[in-house]
Every structure is written in structure tokens, then in C-alpha cells.
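Enquirer: My structure is stored as my_file_11.pdb, with PDB, C-alpha atoms, pLDDT in the B column.
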ATOM      1  CA  MET A   1      93.990 104.065 115.416  1.00 76.00           C
ATOM      2  CA  LEU A   2      96.863 102.354 113.596  1.00 86.00           C
ATOM      3  CA  LYS A   3      97.037  98.587 113.340  1.00 91.00           C
ATOM      4  CA  SER A   4      99.858  96.659 111.721  1.00 93.00           C
ATOM      5  CA  SER A   5      99.254  94.068 109.051  1.00 94.00           C
ATOM      6  CA  ARG A   6     101.437  91.004 108.454  1.00 95.00           C
ATOM      7  CA  ASP A   7     102.806  92.580 105.263  1.00 96.00           C
ATOM      8  CA  VAL A   8     106.390  93.696 104.678  1.00 96.00           C
ATOM      9  CA  ILE A   9     107.228  95.247 101.308  1.00 96.00           C
ATOM     10  CA  ILE A  10     110.594  95.549  99.587  1.00 95.00           C
ATOM     11  CA  ARG A  11     111.442  96.758  96.088  1.00 94.00           C
ATOM     12  CA  THR A  12     114.034  95.545  93.642  1.00 95.00           C
ATOM     13  CA  GLU A  13     114.924  96.173  90.006  1.00 94.00           C
ATOM     14  CA  SER A  14     115.299  92.394  89.520  1.00 93.00           C
ATOM     15  CA  LEU A  15     111.950  90.846  90.363  1.00 94.00           C
ATOM     16  CA  ALA A  16     112.834  87.528  88.681  1.00 94.00           C
ATOM     17  CA  GLU A  17     116.029  87.199  90.734  1.00 96.00           C
ATOM     18  CA  ALA A  18     114.144  88.009  93.943  1.00 95.00           C
ATOM     19  CA  GLU A  19     111.455  85.467  93.097  1.00 95.00           C
ATOM     20  CA  ARG A  20     114.107  82.804  92.515  1.00 96.00           C
ATOM     21  CA  PHE A  21     115.863  83.618  95.791  1.00 97.00           C
ATOM     22  CA  TYR A  22     112.809  83.799  98.052  1.00 97.00           C
ATOM     23  CA  GLY A  23     111.036  80.908  96.327  1.00 97.00           C
ATOM     24  CA  ALA A  24     113.729  78.426  95.285  1.00 96.00           C
ATOM     25  CA  VAL A  25     116.534  79.198  97.735  1.00 97.00           C
ATOM     26  CA  LEU A  26     114.571  80.034 100.909  1.00 97.00           C
ATOM     27  CA  GLY A  27     111.565  77.895  99.986  1.00 97.00           C
ATOM     28  CA  PHE A  28     108.809  80.449 100.631  1.00 98.00           C
ATOM     29  CA  ALA A  29     105.530  79.661  98.849  1.00 97.00           C
ATOM     30  CA  VAL A  30     104.140  82.264  96.468  1.00 97.00           C
ATOM     31  CA  SER A  31     100.900  83.541  97.999  1.00 97.00           C
ATOM     32  CA  PHE A  32     100.194  86.411  95.610  1.00 97.00           C
ATOM     33  CA  ARG A  33     101.215  87.381  92.098  1.00 96.00           C
ATOM     34  CA  ASP A  34     100.263  90.411  90.041  1.00 94.00           C
ATOM     35  CA  ALA A  35     101.985  92.590  87.464  1.00 91.00           C
ATOM     36  CA  GLY A  36     105.169  93.831  89.116  1.00 94.00           C
ATOM     37  CA  ILE A  37     104.685  92.249  92.553  1.00 96.00           C
ATOM     38  CA  VAL A  38     105.059  88.791  94.109  1.00 97.00           C
ATOM     39  CA  GLY A  39     103.998  87.850  97.637  1.00 98.00           C
ATOM     40  CA  PHE A  40     105.589  85.081  99.699  1.00 98.00           C
ATOM     41  CA  GLU A  41     104.189  83.415 102.799  1.00 97.00           C
ATOM     42  CA  THR A  42     107.018  83.184 105.332  1.00 97.00           C
ATOM     43  CA  GLY A  43     105.076  82.048 108.403  1.00 96.00           C
ATOM     44  CA  SER A  44     104.960  85.094 110.672  1.00 95.00           C
ATOM     45  CA  PHE A  45     104.646  87.690 107.914  1.00 96.00           C
ATOM     46  CA  CYS A  46     103.937  88.010 104.201  1.00 97.00           C
ATOM     47  CA  LEU A  47     106.856  89.359 102.177  1.00 97.00           C
ATOM     48  CA  TYR A  48     105.893  91.332  99.085  1.00 97.00           C
ATOM     49  CA  VAL A  49     108.602  92.010  96.517  1.00 97.00           C
ATOM     50  CA  GLU A  50     107.679  94.814  94.154  1.00 94.00           C
ATOM     51  CA  LYS A  51     109.507  95.824  90.975  1.00 94.00           C
ATOM     52  CA  GLY A  52     111.031  99.273  91.324  1.00 92.00           C
ATOM     53  CA  ALA A  53     113.860 101.302  92.755  1.00 88.00           C
ATOM     54  CA  GLU A  54     115.386  99.394  95.643  1.00 81.00           C
ATOM     55  CA  HIS A  55     114.628 100.446  99.189  1.00 81.00           C
ATOM     56  CA  GLY A  56     114.670  98.826 102.598  1.00 86.00           C
ATOM     57  CA  PRO A  57     111.751  97.034 104.221  1.00 93.00           C
ATOM     58  CA  VAL A  58     108.433  98.848 104.531  1.00 94.00           C
ATOM     59  CA  PHE A  59     106.044  97.765 107.262  1.00 94.00           C
ATOM     60  CA  GLU A  60     102.317  98.256 106.722  1.00 94.00           C
ATOM     61  CA  LEU A  61      99.952 100.036 109.099  1.00 94.00           C
ATOM     62  CA  LEU A  62      96.217  99.982 108.361  1.00 94.00           C
ATOM     63  CA  VAL A  63      93.767 102.776 109.116  1.00 94.00           C
ATOM     64  CA  ALA A  64      90.195 103.689 108.248  1.00 92.00           C
ATOM     65  CA  ASP A  65      91.235 106.959 106.545  1.00 93.00           C
ATOM     66  CA  VAL A  66      94.746 107.529 105.170  1.00 94.00           C
ATOM     67  CA  GLU A  67      94.230 111.252 104.502  1.00 91.00           C
ATOM     68  CA  ALA A  68      93.048 111.942 108.042  1.00 91.00           C
ATOM     69  CA  THR A  69      95.751 109.792 109.652  1.00 93.00           C
ATOM     70  CA  LYS A  70      98.907 110.849 107.788  1.00 94.00           C
ATOM     71  CA  ALA A  71      98.856 114.440 109.104  1.00 93.00           C
ATOM     72  CA  ARG A  72      99.623 113.387 112.696  1.00 92.00           C
ATOM     73  CA  PRO A  73     102.938 111.572 112.032  1.00 95.00           C
ATOM     74  CA  ILE A  74     104.016 114.238 109.527  1.00 95.00           C
ATOM     75  CA  ALA A  75     103.379 116.946 112.124  1.00 95.00           C
ATOM     76  CA  ALA A  76     105.479 114.918 114.574  1.00 94.00           C
ATOM     77  CA  GLY A  77     108.536 114.922 112.285  1.00 95.00           C
ATOM     78  CA  CYS A  78     107.917 112.091 109.837  1.00 96.00           C
ATOM     79  CA  THR A  79     108.695 112.576 106.140  1.00 95.00           C
ATOM     80  CA  LEU A  80     106.255 111.740 103.356  1.00 95.00           C
ATOM     81  CA  ILE A  81     108.268 109.560 100.938  1.00 93.00           C
ATOM     82  CA  GLU A  82     105.640 108.473  98.421  1.00 92.00           C
ATOM     83  CA  GLU A  83     101.897 108.746  98.031  1.00 94.00           C
ATOM     84  CA  ASP A  84      99.269 107.115  95.829  1.00 90.00           C
ATOM     85  CA  ARG A  85      95.827 108.505  96.586  1.00 90.00           C
ATOM     86  CA  SER A  86      94.196 106.167  94.044  1.00 91.00           C
ATOM     87  CA  ILE A  87      94.913 103.116  96.258  1.00 88.00           C
ATOM     88  CA  PRO A  88      94.960 105.027  98.882  1.00 91.00           C
ATOM     89  CA  ARG A  89      98.327 104.638 100.611  1.00 92.00           C
ATOM     90  CA  CYS A  90     101.430 106.599 101.540  1.00 95.00           C
ATOM     91  CA  TYR A  91     104.974 105.734 102.561  1.00 94.00           C
ATOM     92  CA  ILE A  92     106.250 107.676 105.553  1.00 95.00           C
ATOM     93  CA  ARG A  93     109.723 107.603 107.142  1.00 94.00           C
ATOM     94  CA  ASP A  94     109.738 108.146 110.882  1.00 94.00           C
ATOM     95  CA  PRO A  95     112.393 110.128 112.802  1.00 92.00           C
ATOM     96  CA  CYS A  96     114.224 106.860 113.636  1.00 91.00           C
ATOM     97  CA  GLY A  97     114.580 105.924 109.940  1.00 91.00           C
ATOM     98  CA  LEU A  98     111.834 103.269 109.679  1.00 92.00           C
ATOM     99  CA  THR A  99     109.658 103.489 106.579  1.00 94.00           C
ATOM    100  CA  PHE A 100     106.071 102.357 106.818  1.00 93.00           C
ATOM    101  CA  ASN A 101     103.083 102.288 104.541  1.00 94.00           C
ATOM    102  CA  ILE A 102      99.844 103.740 105.833  1.00 95.00           C
ATOM    103  CA  GLY A 103      97.162 101.846 103.944  1.00 93.00           C
ATOM    104  CA  GLU A 104      93.420 102.056 104.052  1.00 91.00           C
ATOM    105  CA  SER A 105      91.307  99.193 105.331  1.00 86.00           C
ATOM    106  CA  ALA A 106      87.616  98.971 106.142  1.00 75.00           C
ATOM    107  CA  ASP A 107      88.551  96.959 109.239  1.00 77.00           C
ATOM    108  CA  PRO A 108      91.817  98.387 110.655  1.00 62.00           C
TER     109      PRO A 108
END
Would you put the structure from the file into C-alpha cells?
Expert:
Amino acid sequence: MLKSSRDVIIRTESLAEAERFYGAVLGFAVSFRDAGIVGFETGSFCLYVEKGAEHGPVFELLVADVEATKARPIAAGCTLIEEDRSIPRCYIRDPCGLTFNIGESADP
């Protein structure tokens, strides 16, 4: 079973500029900070801005087992975009163009 989290992830080459915009201009409070990623509390969702090649928003879906779950959407026409088994997580683009992260959680 898939369950969405409140997290939306975007990437940008200019993390400092994004932090200034989302923090100073829009007024979102920083809720998380680590090397290469900053999280902002927006109210309805948490926006995570990660340093890296720019891409559109990624919505997060949580499951008990990423490996077991990812095969079903891929078989249905989704494309595996990126995978990190050490976390574990994978980015998948659905046939409508939406990219989502399938992440592992003990309580999906």
C-alpha cells in the first residue's frame, strides 16, 4: 500500500538562492537542514530544496518495502528516473509526467 507524506522535493543548483527566496521572501520557516538540503514548513506540506540538477516537484509516497513496491508501477508504464538503494528510495515518473519518490517507512 502506498501512502503519501507531506514532503515535496525540488532540486536546484543554487541552494543559497532558494533558501533566501523560500525563507526571506516567502517567509517559510526552516524545519530541516543538512548538507545539501534545506526543508521549509509551508503549512500544508514540507518543501525540501536539495542541491543538484534542477527538476520539477517530486511528491513522496511511503511504503514498507521499496524493492517490492517499485516493480508494479514500472510494469504499468512508469519510468525509473533515479534510485538509491542505500536510503532506500527511487524516483519514478508516471505515464502522466508526474515524478514521485517511493521511500521506505516502517509505518507507511
Enquirer: Closest to Phe100 of chain A among A:Glu17, A:Glu60, A:Glu83, A:Glu41, using all atoms listed in the file?
Expert: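 Once distances to Phe100 of chain A are computed over all atoms listed in the file, the minimum belongs to A:Glu60.
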Enquirer: Write out as a list in words which residues come within 12 Å of Ser5 of chain A when counting only C-alpha atoms, dropping same-chain ones fewer than 4 positions away.
Expert: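 The residues that qualify are Ile9, Ser44, Phe45, Cys46, Leu47, Val58, Phe59, Glu60, Leu61, Leu62, Val63, Phe100, Asn101, Ile102, Gly103, Glu104, Ser105, Asp107 and Pro108 of chain A.
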Enquirer: Of the candidates A:Gly77, A:Glu54, A:Ile92, A:Gly23, which shows the shortest atom-to-atom distance to Arg11 of chain A, using only C-alpha atoms?
Expert: A:Glu54
Enquirer: Which residue gives the smallest distance to Lys70 of chain A among A:Asp7, A:Asp34, A:Glu82, A:Glu50, with all atoms listed in the file counted?
Expert: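 For Lys70 of chain A, the nearest of the candidates is A:Glu82.
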Enquirer: Out of A:Ala16, A:Ile10, A:Ala29, A:Ile74, which residue has the shortest atom-to-atom distance to Gly43 of chain A when counting all atoms listed in the file?
Expert: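 Among the listed residues, A:Ala29 lies closest to Gly43 of chain A.
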Enquirer: Could you check how far atom CA of Ile37 of chain A sits from atom CA of Ala71 of chain A, in Å to one decimal?
Expert: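 Calculated distance between atom CA of Ile37 of chain A and atom CA of Ala71 of chain A is 28.3 Å.
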Enquirer: So the first atom is atom CA of Val49 of chain A and the second is atom CA of Glu19 of chain A; what is the distance between them in Å, to one decimal place?
Expert: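 It comes out at 7.9 Å.
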Enquirer: Around segment 18-22 of chain A, fit a box with edges along x, y and z, padding it by 3 Å on each side, then list its centre and edge lengths in Å to one decimal as lines of an AutoDock Vina configuration file.
Expert:
center_x = 113.7
center_y = 85.4
center_z = 95.3
size_x = 10.4
size_y = 11.2
size_z = 11.5
Enquirer: Quick one: of A:Thr69, A:Ser4, A:Thr99, A:Ser31, who's nearest to Gly56 of chain A, counting all atoms listed in the file?
Expert: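 Going through A:Thr69, A:Ser4, A:Thr99, A:Ser31 one by one, the smallest distance to Gly56 of chain A is for A:Thr99.
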Enquirer: What is the distance, in Å and to one decimal place, between atom CA of Ala68 of chain A and atom CA of Ser86 of chain A?
Expert: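 Taking atom CA of Ala68 of chain A as the start and atom CA of Ser86 of chain A as the end point, the length is 15.2 Å.
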Enquirer: Go through A:Pro73, A:Thr42, A:Leu98, A:Ile81 and flag the residue nearest Pro57 of chain A, using all atoms listed in the file for the distances.
Expert: A:Leu98
Enquirer: For this structure, which residues satisfy the selection - the PyMOL selection byres ((chain A and resi 13) around 7) - when it is evaluated on the file as given? I want them as a list of chain:residue names.
Expert: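 When the PyMOL selection byres ((chain A and resi 13) around 7) is applied, the selected residues are A:Thr12, A:Ser14, A:Leu15, A:Lys51, A:Gly52, A:Ala53, A:Glu54.
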